[in-house]
Amino acid sequence: MKNKVFLIFILTLLVFGCVIPVTGINNQNKQINQNVIGNNPPQINWWYDLDAPSFGSAAIDDFDGDGKPEIVFGTYFNDEHIYALNAEDGTLLWKYNTGGCNDASPAIADVDLDGDLEVIIPTSSPYKVYCFDGESGDVEWSTSTGYPNCIDSPPAIADVDNDNKPEVILGTFYGYVFCLDGEDGGVNWQVNLGTDSYIQSGPNILDLDSDGQLDIVVSQYAGDCRVYALKGDDGSTLWYSDLPQDYMYHGGSFADIDEDGKPEIAIGCYDNHVYVFNGEDGSLLWDYTAPYYIASPTSIADLNNDGHLEIVFTSYNILGVLSHTGSLLWSYPTGGSIFRGASIADIDGDGTLDVCFGSDDGKLRVLRGDDGQVVWTYDLEAHYGDTFNIDHAPTICDFDSDGKLDIFVVGGYGTSSPSTDNHGRAYALSAGDGTGPGWPMFRYDLVHSACFDSNNAPFAPLISGPDFGLLGDDIDFTFVSTDSEGDDIYYYIDWDDGNNEEWIGPYVSGEEVTVSHTWTSPNNYEIKAKAKDISGDESDWSEPFIITIVENSPPDEPTIDGPNNGKPGVEYTYCIIASDPDEDSLYVRWDWDDGTGSDWLGPLQSGTEVCDSHIWNIKGTYTISVTVEDEHGEIVTAYKDVIIPKNKFIINSLFLKIAEDIPLLGRLLSVSLNFRY
């Protein structure tokens, strides 16, 4: 669909020629005559031959745990594989044949929270999303989006439904947006934005309205040609914009462009415009009109160190840079279409960010971000010796642990019919003296901000736990925060008693962290926490969590109500009222002082009458006891003496028998014992 031809485009070419006005000193002739500026020209580190090109981009991370990065990407018809290569030398780690074209860029993340990285990559023509074990290449799960819902949309990964687990979000042909469970690939939800449209854009994941809920922004290719904002938890529509008047193949980028503390989305359209929308409601901040269609994605960075963000766009064969207010700062023409946009890093190590991109003329270029001056170009088509269209956004990282940045890109020739003519090659090049952060994946990060080093701070933590506690007890609280880039998180906790937990961690984004604390004075306390990611960016303070700490009073000492005397073999009942001044739940146990007792009874509400019965079979004096324990372990015990003498009924019966049988003896015994009968 990228090859859509517009009449207006043809007319514009005729009117304006091959270039737009270029600010600064660069132009095509200068670029041809001077391919390298500086003392460290690029060198090809290695290459890997393919039977087709790779469209989209690659992703880089150490997903086999060897301390060195790996590169993963998919290939088009006639090759139809997912490749994982060792970045230091280009050797094959694993590959997988999907049986179709693989147009969407991969993502690398620990989607099942098992501590190991997975590779998430869709396949277009088989309309499946695959999750591979990063180290082995084994399929952990695959999910079909259903015929004929092909997938060109690069997946984004984030916890969009607040379940503390990552989800995979992507679009498909015929207007669908899917949210998949990262653990098993199950469909959490899917929505349709119009079956006459195609959601081929990589979703943007961000909190549009500062409500703590991640949202999703996608754009339509064909159909209504709208930009949609969706709620992350269920896919319902927050807002949409009808301003774009033509197709949008790639999604936007986002950052606080106008410095109002809220995010904006910058997106290019085939109607020749760059649109910048306010994230909270979709209203237009500003737009810019280019001479040709804008099919590629935008990128964002502070390119000239002025403290403001700039927006990089491409219009057919021209790369341009806009200020944060929408004015053109500089532009640069090439000899071919630039479809996958630009990657950003400090390639030459001079402290100013550079712009790196490939085009259909087979050249890989690096330009200075502040003025568009050429840092270097490399004619990969000349090196390859055949058609070498670069329809692949470069990824940038230190591949070989030499402390300097390298660049990976794939080119070649690819068509769906006849696919047997397809060919391609993957290249890794030394980039320059740059040592800072690179550009590790398509759209820079897992949420597709495409904002260099944007590094959004984590969300303010959520705190859960009891709202009542006792002096001196260890009390558990749970803290959880998520980071939109999936960075690990540290926590700072203020217990409001002069004691703090200072940056404990790191913990996985979305992981629930349990921390205990003990207070030494009764009072109401406001617990607060904030989160910090591994880049040092801190969240806002959490909402205060209030807990009341009191001293615990033991249960009231009960009074045992029941007979003081009894007879062997007779059952007697005793009762108490179990009560507690703190209204705690209570437990009661009886001890009958004859080696027997009851089990613990409870939990019981304060004020409950508790009765139990017992039979003593041997005469004696017994000290019965009843123990009352509150829910915090405080106990109190009450006692009562009970006398159990011999049973007089048994003696009387004996005397009556003697008196009956021997009257004289009975009378004598009666006199001696003062017994009457």
# chains A, B, ... in the order shown; residues from 1 in each chain; ligands from 1

call {"tool": "select_by_dssp", "arguments": {"residues": "stretch 536-624 of chain A", "states": "strand (DSSP E or B)", "output": "ChimeraX atom specification"}}
result
/A:538,545-550,561,565,571-578,586-591,597,601-604,608-615,620-624

call {"tool": "write_last_selection", "arguments": {"atoms": "C-alpha atoms", "output": "short mmCIF file (atom, residue, chain, number, x, y, z; two decimals), in the first residue's frame"}}
result
data_model
loop_
_atom_site.label_atom_id
_atom_site.label_comp_id
_atom_site.auth_asym_id
_atom_site.auth_seq_id
_atom_site.Cartn_x
_atom_site.Cartn_y
_atom_site.Cartn_z
CA GLU A 538 11.06 10.17 39.06
CA PHE A 545 -2.44 6.36 52.15
CA ILE A 546 -3.75 6.98 55.67
CA ILE A 547 -3.32 4.48 58.49
CA THR A 548 -4.36 4.85 62.12
CA ILE A 549 -1.92 3.38 64.65
CA VAL A 550 -3.23 2.69 68.17
CA ASP A 561 -20.89 -17.84 85.57
CA ASN A 565 -20.25 -27.31 93.57
CA GLU A 571 -22.93 -32.22 83.41
CA TYR A 572 -22.57 -28.56 84.39
CA THR A 573 -22.65 -25.50 82.12
CA TYR A 574 -20.46 -22.39 82.49
CA CYS A 575 -20.75 -19.11 80.57
CA ILE A 576 -18.80 -15.88 80.04
CA ILE A 577 -19.29 -12.66 78.11
CA ALA A 578 -16.24 -12.22 75.81
CA LEU A 586 -11.93 -12.74 69.94
CA TYR A 587 -11.10 -16.40 70.47
CA VAL A 588 -12.05 -18.43 73.58
CA ARG A 589 -10.73 -21.69 75.05
CA TRP A 590 -11.90 -23.59 78.19
CA ASP A 591 -9.65 -25.68 80.48
CA GLY A 597 -10.35 -28.62 77.50
CA LEU A 601 -13.71 -21.06 69.60
CA GLY A 602 -13.92 -18.09 67.22
CA PRO A 603 -13.53 -15.64 65.76
CA LEU A 604 -16.25 -14.04 67.88
CA THR A 608 -20.66 -12.52 72.58
CA GLU A 609 -21.82 -14.91 75.31
CA VAL A 610 -19.77 -18.09 75.23
CA CYS A 611 -20.94 -21.22 77.09
CA ASP A 612 -19.56 -24.72 77.41
CA SER A 613 -20.46 -27.79 79.50
CA HIS A 614 -18.41 -30.42 81.29
CA ILE A 615 -18.73 -33.59 83.45
CA GLY A 620 -12.01 -33.15 94.02
CA THR A 621 -11.60 -29.40 93.78
CA TYR A 622 -11.06 -28.17 90.25
CA THR A 623 -9.84 -24.76 89.09
CA ILE A 624 -11.44 -24.21 85.75
#

call {"tool": "residues_around", "arguments": {"residues": "stretch 364-369 of chain A", "least_positions_apart": "2", "cutoff": "6 Å", "atoms": "only C-alpha atoms", "output": "PyMOL selection string"}}
result
chain A and resi 303+353-358+371-378

call {"tool": "write_last_selection", "arguments": {"atoms": "C-alpha atoms", "output": "PDB file, in the first residue's frame"}}
result
ATOM      1  CA  LEU A 303      18.315  18.097  17.772  1.00  0.00           C
ATOM      2  CA  LEU A 353      22.173  14.406  17.966  1.00  0.00           C
ATOM      3  CA  ASP A 354      22.289  13.124  14.406  1.00  0.00           C
ATOM      4  CA  VAL A 355      19.609  11.782  12.075  1.00  0.00           C
ATOM      5  CA  CYS A 356      20.130   8.388  10.400  1.00  0.00           C
ATOM      6  CA  PHE A 357      17.988   6.985   7.581  1.00  0.00           C
ATOM      7  CA  GLY A 358      18.004   4.924   4.414  1.00  0.00           C
ATOM      8  CA  ASP A 371      21.643  21.979  10.608  1.00  0.00           C
ATOM      9  CA  GLY A 372      21.317  18.960   8.291  1.00  0.00           C
ATOM     10  CA  GLN A 373      25.002  18.904   7.373  1.00  0.00           C
ATOM     11  CA  VAL A 374      26.214  15.514   6.144  1.00  0.00           C
ATOM     12  CA  VAL A 375      28.116  13.457   8.712  1.00  0.00           C
ATOM     13  CA  TRP A 376      28.503  10.585   6.258  1.00  0.00           C
ATOM     14  CA  THR A 377      26.755   8.581   3.570  1.00  0.00           C
ATOM     15  CA  TYR A 378      27.407   5.005   2.567  1.00  0.00           C
TER      16      TYR A 378
END

call {"tool": "residues_around", "arguments": {"residues": "A:Tyr490", "least_positions_apart": "6", "cutoff": "7 Å", "atoms": "only C-alpha atoms", "output": "MDAnalysis selection string"}}
result
chainID A and resid 503:507 531:533

call {"tool": "write_last_selection", "arguments": {"atoms": "N, CA, C and O atoms", "output": "PDB file, in the first residue's frame"}}
result
ATOM      1  N   TRP A 503      14.833   4.474  47.910  1.00  0.00           N
ATOM      2  CA  TRP A 503      15.088   3.889  46.588  1.00  0.00           C
ATOM      3  C   TRP A 503      15.447   2.406  46.673  1.00  0.00           C
ATOM      4  O   TRP A 503      16.543   1.983  46.314  1.00  0.00           O
ATOM      5  N   ILE A 504      14.507   1.649  47.169  1.00  0.00           N
ATOM      6  CA  ILE A 504      14.667   0.201  47.189  1.00  0.00           C
ATOM      7  C   ILE A 504      14.362  -0.353  45.802  1.00  0.00           C
ATOM      8  O   ILE A 504      13.525   0.158  45.070  1.00  0.00           O
ATOM      9  N   GLY A 505      15.042  -1.421  45.420  1.00  0.00           N
ATOM     10  CA  GLY A 505      14.822  -2.007  44.107  1.00  0.00           C
ATOM     11  C   GLY A 505      16.142  -2.433  43.482  1.00  0.00           C
ATOM     12  O   GLY A 505      17.170  -2.523  44.165  1.00  0.00           O
ATOM     13  N   PRO A 506      16.163  -2.698  42.172  1.00  0.00           N
ATOM     14  CA  PRO A 506      15.067  -2.473  41.217  1.00  0.00           C
ATOM     15  C   PRO A 506      14.058  -3.615  41.182  1.00  0.00           C
ATOM     16  O   PRO A 506      14.374  -4.751  41.510  1.00  0.00           O
ATOM     17  N   TYR A 507      12.843  -3.255  40.751  1.00  0.00           N
ATOM     18  CA  TYR A 507      11.765  -4.204  40.563  1.00  0.00           C
ATOM     19  C   TYR A 507      11.230  -4.073  39.136  1.00  0.00           C
ATOM     20  O   TYR A 507      11.331  -3.010  38.512  1.00  0.00           O
ATOM     21  N   ALA A 531       8.143   6.652  42.478  1.00  0.00           N
ATOM     22  CA  ALA A 531       8.897   5.647  41.729  1.00  0.00           C
ATOM     23  C   ALA A 531       9.955   6.343  40.879  1.00  0.00           C
ATOM     24  O   ALA A 531       9.785   7.497  40.466  1.00  0.00           O
ATOM     25  N   LYS A 532      11.031   5.615  40.616  1.00  0.00           N
ATOM     26  CA  LYS A 532      12.116   6.119  39.762  1.00  0.00           C
ATOM     27  C   LYS A 532      12.536   4.994  38.826  1.00  0.00           C
ATOM     28  O   LYS A 532      12.682   3.846  39.258  1.00  0.00           O
ATOM     29  N   ASP A 533      12.706   5.309  37.531  1.00  0.00           N
ATOM     30  CA  ASP A 533      13.151   4.277  36.602  1.00  0.00           C
ATOM     31  C   ASP A 533      14.674   4.223  36.568  1.00  0.00           C
ATOM     32  O   ASP A 533      15.358   4.987  37.257  1.00  0.00           O
TER      33      ASP A 533
END

call {"tool": "atom_distance", "arguments": {"atom1": "atom CA of A:Ala457", "atom2": "atom CA of A:Asp184"}}
result
28.1 Å

call {"tool": "residues_around", "arguments": {"residues": "A:Pro69", "least_positions_apart": "5", "cutoff": "10 Å", "atoms": "only C-alpha atoms", "output": "list in words"}}
result
Ala59, Ile60, Asp61, Asp62, Phe63, Asp64, Leu85, Asn86, Ala87, Glu88, Cys397, Asp398, Phe399, Asp400 and Ser401 of chain A

call {"tool": "residues_around", "arguments": {"residues": "stretch 247-262 of chain A", "least_positions_apart": "2", "cutoff": "7 Å", "atoms": "only C-alpha atoms", "output": "count of residues only"}}
result
30

call {"tool": "atom_distance", "arguments": {"atom1": "atom CA of A:Lys231", "atom2": "atom CA of A:Asp215"}}
result
4.7 Å

call {"tool": "residues_around", "arguments": {"residues": "stretch 415-425 of chain A", "least_positions_apart": "5", "cutoff": "10 Å", "atoms": "only C-alpha atoms", "output": "mmCIF file with N, CA and C atoms, in the first residue's frame"}}
result
data_model
loop_
_atom_site.group_PDB
_atom_site.id
_atom_site.type_symbol
_atom_site.label_atom_id
_atom_site.label_comp_id
_atom_site.auth_asym_id
_atom_site.auth_seq_id
_atom_site.Cartn_x
_atom_site.Cartn_y
_atom_site.Cartn_z
ATOM 1 N N TRP A 47 27.984 -8.635 7.035
ATOM 2 C CA TRP A 47 26.688 -8.667 6.365
ATOM 3 C C TRP A 47 26.155 -10.086 6.361
ATOM 4 N N TYR A 48 24.842 -10.179 6.099
ATOM 5 C CA TYR A 48 24.155 -11.476 6.107
ATOM 6 C C TYR A 48 23.212 -11.500 4.911
ATOM 7 N N ASP A 49 23.443 -12.410 3.979
ATOM 8 C CA ASP A 49 22.653 -12.453 2.753
ATOM 9 C C ASP A 49 21.299 -13.110 2.980
ATOM 10 N N LEU A 50 20.298 -12.549 2.289
ATOM 11 C CA LEU A 50 18.912 -12.982 2.421
ATOM 12 C C LEU A 50 18.317 -13.191 1.036
ATOM 13 N N ASP A 51 17.163 -13.847 0.998
ATOM 14 C CA ASP A 51 16.449 -14.036 -0.266
ATOM 15 C C ASP A 51 15.337 -13.019 -0.463
ATOM 16 N N ALA A 52 15.265 -12.041 0.424
ATOM 17 C CA ALA A 52 14.283 -10.960 0.319
ATOM 18 C C ALA A 52 14.708 -9.855 1.274
ATOM 19 N N PRO A 53 14.223 -8.642 1.075
ATOM 20 C CA PRO A 53 14.542 -7.573 2.030
ATOM 21 C C PRO A 53 13.700 -7.703 3.296
ATOM 22 N N SER A 54 13.968 -6.828 4.230
ATOM 23 C CA SER A 54 13.171 -6.709 5.451
ATOM 24 C C SER A 54 12.518 -5.343 5.449
ATOM 25 N N THR A 75 11.519 -11.128 7.276
ATOM 26 C CA THR A 75 11.768 -10.907 5.850
ATOM 27 C C THR A 75 10.503 -11.114 5.025
ATOM 28 N N TYR A 76 10.563 -10.612 3.804
ATOM 29 C CA TYR A 76 9.424 -10.573 2.896
ATOM 30 C C TYR A 76 9.320 -11.892 2.120
ATOM 31 N N PHE A 77 8.349 -11.944 1.180
ATOM 32 C CA PHE A 77 8.152 -13.114 0.329
ATOM 33 C C PHE A 77 9.465 -13.561 -0.320
ATOM 34 N N ASN A 78 9.597 -14.866 -0.473
ATOM 35 C CA ASN A 78 10.755 -15.545 -1.053
ATOM 36 C C ASN A 78 11.815 -15.857 -0.002
ATOM 37 N N ASP A 79 11.653 -15.298 1.189
ATOM 38 C CA ASP A 79 12.522 -15.656 2.311
ATOM 39 C C ASP A 79 11.667 -16.100 3.497
ATOM 40 N N CYS A 101 4.879 -13.431 4.291
ATOM 41 C CA CYS A 101 5.654 -12.201 4.437
ATOM 42 C C CYS A 101 5.527 -11.669 5.857
ATOM 43 N N LEU A 380 25.343 1.636 -0.052
ATOM 44 C CA LEU A 380 25.238 0.187 0.122
ATOM 45 C C LEU A 380 24.834 -0.504 -1.179
ATOM 46 N N TYR A 384 26.664 -3.694 -2.617
ATOM 47 C CA TYR A 384 25.900 -4.918 -2.860
ATOM 48 C C TYR A 384 25.979 -5.356 -4.318
ATOM 49 N N ASP A 386 23.693 -4.632 -6.710
ATOM 50 C CA ASP A 386 22.378 -4.872 -7.313
ATOM 51 C C ASP A 386 21.418 -3.869 -6.686
ATOM 52 N N THR A 387 20.174 -3.881 -7.181
ATOM 53 C CA THR A 387 19.169 -2.987 -6.620
ATOM 54 C C THR A 387 19.102 -3.163 -5.106
ATOM 55 N N PHE A 388 19.157 -2.033 -4.386
ATOM 56 C CA PHE A 388 19.212 -2.115 -2.929
ATOM 57 C C PHE A 388 18.345 -1.001 -2.336
ATOM 58 N N ASN A 389 17.030 -1.168 -2.482
ATOM 59 C CA ASN A 389 16.105 -0.226 -1.847
ATOM 60 C C ASN A 389 16.142 -0.445 -0.331
ATOM 61 N N ILE A 390 16.311 0.649 0.400
ATOM 62 C CA ILE A 390 16.313 0.550 1.867
ATOM 63 C C ILE A 390 14.946 0.983 2.373
ATOM 64 N N VAL A 409 20.989 -2.222 9.241
ATOM 65 C CA VAL A 409 19.958 -1.896 8.269
ATOM 66 C C VAL A 409 19.876 -3.027 7.248
ATOM 67 N N VAL A 410 18.697 -3.193 6.654
ATOM 68 C CA VAL A 410 18.479 -4.236 5.646
ATOM 69 C C VAL A 410 17.927 -3.572 4.384
#

call {"tool": "residues_around", "arguments": {"residues": "A:Tyr96", "least_positions_apart": "3", "cutoff": "12 Å", "atoms": "only C-alpha atoms", "output": "PyMOL selection string"}}
result
chain A and resi 72-75+79-84+92-93+99-100+102+119+121+123+130-134+136-139

call {"tool": "atom_distance", "arguments": {"atom1": "atom CA of A:Asp445", "atom2": "atom CA of A:Ile396"}}
result
12.4 Å

call {"tool": "closest_residue", "arguments": {"among": "A:Gly186, A:Pro263, A:Gly67, A:Gly326", "to": "A:Glu310", "atoms": "only C-alpha atoms"}}
result
A:Gly326

call {"tool": "select_by_dssp", "arguments": {"residues": "stretch 372-583 of chain A", "states": "alpha helix (DSSP H)", "output": "list in words"}}
result
Leu380, Glu381, Ala382, His383 and Tyr384 of chain A

call {"tool": "closest_residue", "arguments": {"among": "A:Gly432, A:Pro563, A:Gly569, A:Gly469", "to": "A:Glu551", "atoms": "only C-alpha atoms"}}
result
A:Gly469

call {"tool": "closest_residue", "arguments": {"among": "A:Val177, A:Ile157, A:Ala104, A:Ile344", "to": "A:Gly235", "atoms": "only C-alpha atoms"}}
result
A:Val177

call {"tool": "closest_residue", "arguments": {"among": "A:Pro522, A:Asp630, A:Ser337, A:Lys528", "to": "A:Asn499", "atoms": "only C-alpha atoms"}}
result
A:Lys528

call {"tool": "decode", "arguments": {"residues": "stretch 452-559 of chain A", "atoms": "C-alpha atoms", "output": "tab-separated table (two decimals), in the first residue's frame"}}
result
chain	number	residue	atom	x	y	z
A	452	PHE	CA	14.80	10.06	21.53
A	453	ASP	CA	15.62	9.63	25.19
A	454	SER	CA	12.10	10.74	25.98
A	455	ASN	CA	12.12	8.27	28.82
A	456	ASN	CA	8.80	8.95	30.44
A	457	ALA	CA	8.94	8.79	34.20
A	458	PRO	CA	7.06	5.92	35.86
A	459	PHE	CA	3.51	6.48	37.02
A	460	ALA	CA	2.96	7.48	40.64
A	461	PRO	CA	2.74	4.31	42.75
A	462	LEU	CA	-0.49	2.83	44.03
A	463	ILE	CA	-0.44	1.84	47.72
A	464	SER	CA	-2.62	-0.81	49.33
A	465	GLY	CA	-2.72	-2.21	52.86
A	466	PRO	CA	-4.65	-1.98	56.15
A	467	ASP	CA	-5.97	1.39	57.30
A	468	PHE	CA	-5.66	0.42	60.97
A	469	GLY	CA	-2.71	-0.99	62.88
A	470	LEU	CA	-1.26	-1.55	66.32
A	471	LEU	CA	1.72	0.02	67.92
A	472	GLY	CA	4.80	-2.15	67.58
A	473	ASP	CA	3.39	-4.50	64.93
A	474	ASP	CA	5.09	-5.14	61.56
A	475	ILE	CA	2.46	-4.03	59.02
A	476	ASP	CA	2.68	-5.02	55.33
A	477	PHE	CA	1.92	-2.63	52.47
A	478	THR	CA	1.96	-3.23	48.71
A	479	PHE	CA	3.42	-0.71	46.26
A	480	VAL	CA	3.10	-0.94	42.47
A	481	SER	CA	4.00	1.36	39.60
A	482	THR	CA	4.38	0.88	35.86
A	483	ASP	CA	6.85	2.43	33.45
A	484	SER	CA	5.65	3.13	29.92
A	485	GLU	CA	9.00	2.02	28.48
A	486	GLY	CA	9.04	-1.12	30.63
A	487	ASP	CA	12.06	0.06	32.64
A	488	ASP	CA	12.82	-1.44	36.02
A	489	ILE	CA	11.62	0.64	38.96
A	490	TYR	CA	12.92	1.81	42.35
A	491	TYR	CA	10.65	3.01	45.17
A	492	TYR	CA	11.06	5.78	47.75
A	493	ILE	CA	8.64	5.47	50.68
A	494	ASP	CA	7.87	8.13	53.28
A	495	TRP	CA	6.25	6.56	56.37
A	496	ASP	CA	5.39	9.98	57.88
A	497	ASP	CA	7.20	9.21	61.15
A	498	GLY	CA	10.64	10.52	60.23
A	499	ASN	CA	11.67	7.21	58.65
A	500	ASN	CA	11.97	6.55	54.90
A	501	GLU	CA	12.79	3.68	52.57
A	502	GLU	CA	15.25	5.25	50.14
A	503	TRP	CA	15.09	3.89	46.59
A	504	ILE	CA	14.67	0.20	47.19
A	505	GLY	CA	14.82	-2.01	44.11
A	506	PRO	CA	15.07	-2.47	41.22
A	507	TYR	CA	11.76	-4.20	40.56
A	508	VAL	CA	10.08	-5.15	37.30
A	509	SER	CA	7.59	-2.61	35.98
A	510	GLY	CA	4.15	-3.64	37.23
A	511	GLU	CA	5.51	-5.96	39.93
A	512	GLU	CA	3.73	-5.71	43.29
A	513	VAL	CA	6.30	-4.97	46.00
A	514	THR	CA	5.53	-5.72	49.67
A	515	VAL	CA	7.29	-3.61	52.32
A	516	SER	CA	6.74	-3.75	56.11
A	517	HIS	CA	6.93	-0.95	58.66
A	518	THR	CA	6.51	-0.56	62.43
A	519	TRP	CA	5.34	2.60	64.17
A	520	THR	CA	6.39	3.44	67.75
A	521	SER	CA	3.82	6.15	68.52
A	522	PRO	CA	0.04	6.08	68.14
A	523	ASN	CA	-1.24	8.55	65.55
A	524	ASN	CA	-2.72	8.93	62.07
A	525	TYR	CA	0.01	8.59	59.43
A	526	GLU	CA	0.02	9.53	55.71
A	527	ILE	CA	2.18	7.10	53.75
A	528	LYS	CA	3.50	8.43	50.41
A	529	ALA	CA	5.71	6.89	47.74
A	530	LYS	CA	7.28	7.77	44.42
A	531	ALA	CA	8.90	5.65	41.73
A	532	LYS	CA	12.12	6.12	39.76
A	533	ASP	CA	13.15	4.28	36.60
A	534	ILE	CA	16.63	3.06	35.76
A	535	SER	CA	17.31	6.33	33.92
A	536	GLY	CA	16.67	8.30	37.09
A	537	ASP	CA	13.39	9.91	36.07
A	538	GLU	CA	11.06	10.17	39.06
A	539	SER	CA	7.29	9.96	39.22
A	540	ASP	CA	5.04	12.31	41.14
A	541	TRP	CA	4.25	11.45	44.75
A	542	SER	CA	1.46	8.96	45.20
A	543	GLU	CA	-1.85	9.84	46.76
A	544	PRO	CA	-1.41	9.65	50.57
A	545	PHE	CA	-2.44	6.36	52.15
A	546	ILE	CA	-3.75	6.98	55.67
A	547	ILE	CA	-3.32	4.48	58.49
A	548	THR	CA	-4.36	4.85	62.12
A	549	ILE	CA	-1.92	3.38	64.65
A	550	VAL	CA	-3.23	2.69	68.17
A	551	GLU	CA	-2.09	0.88	71.26
A	552	ASN	CA	-3.85	-2.45	71.61
A	553	SER	CA	-5.84	-3.10	74.81
A	554	PRO	CA	-6.21	-6.69	75.98
A	555	PRO	CA	-9.67	-8.23	76.16
A	556	ASP	CA	-11.78	-7.55	79.24
A	557	GLU	CA	-11.31	-10.13	81.99
A	558	PRO	CA	-14.46	-12.22	81.94
A	559	THR	CA	-16.52	-13.52	84.87
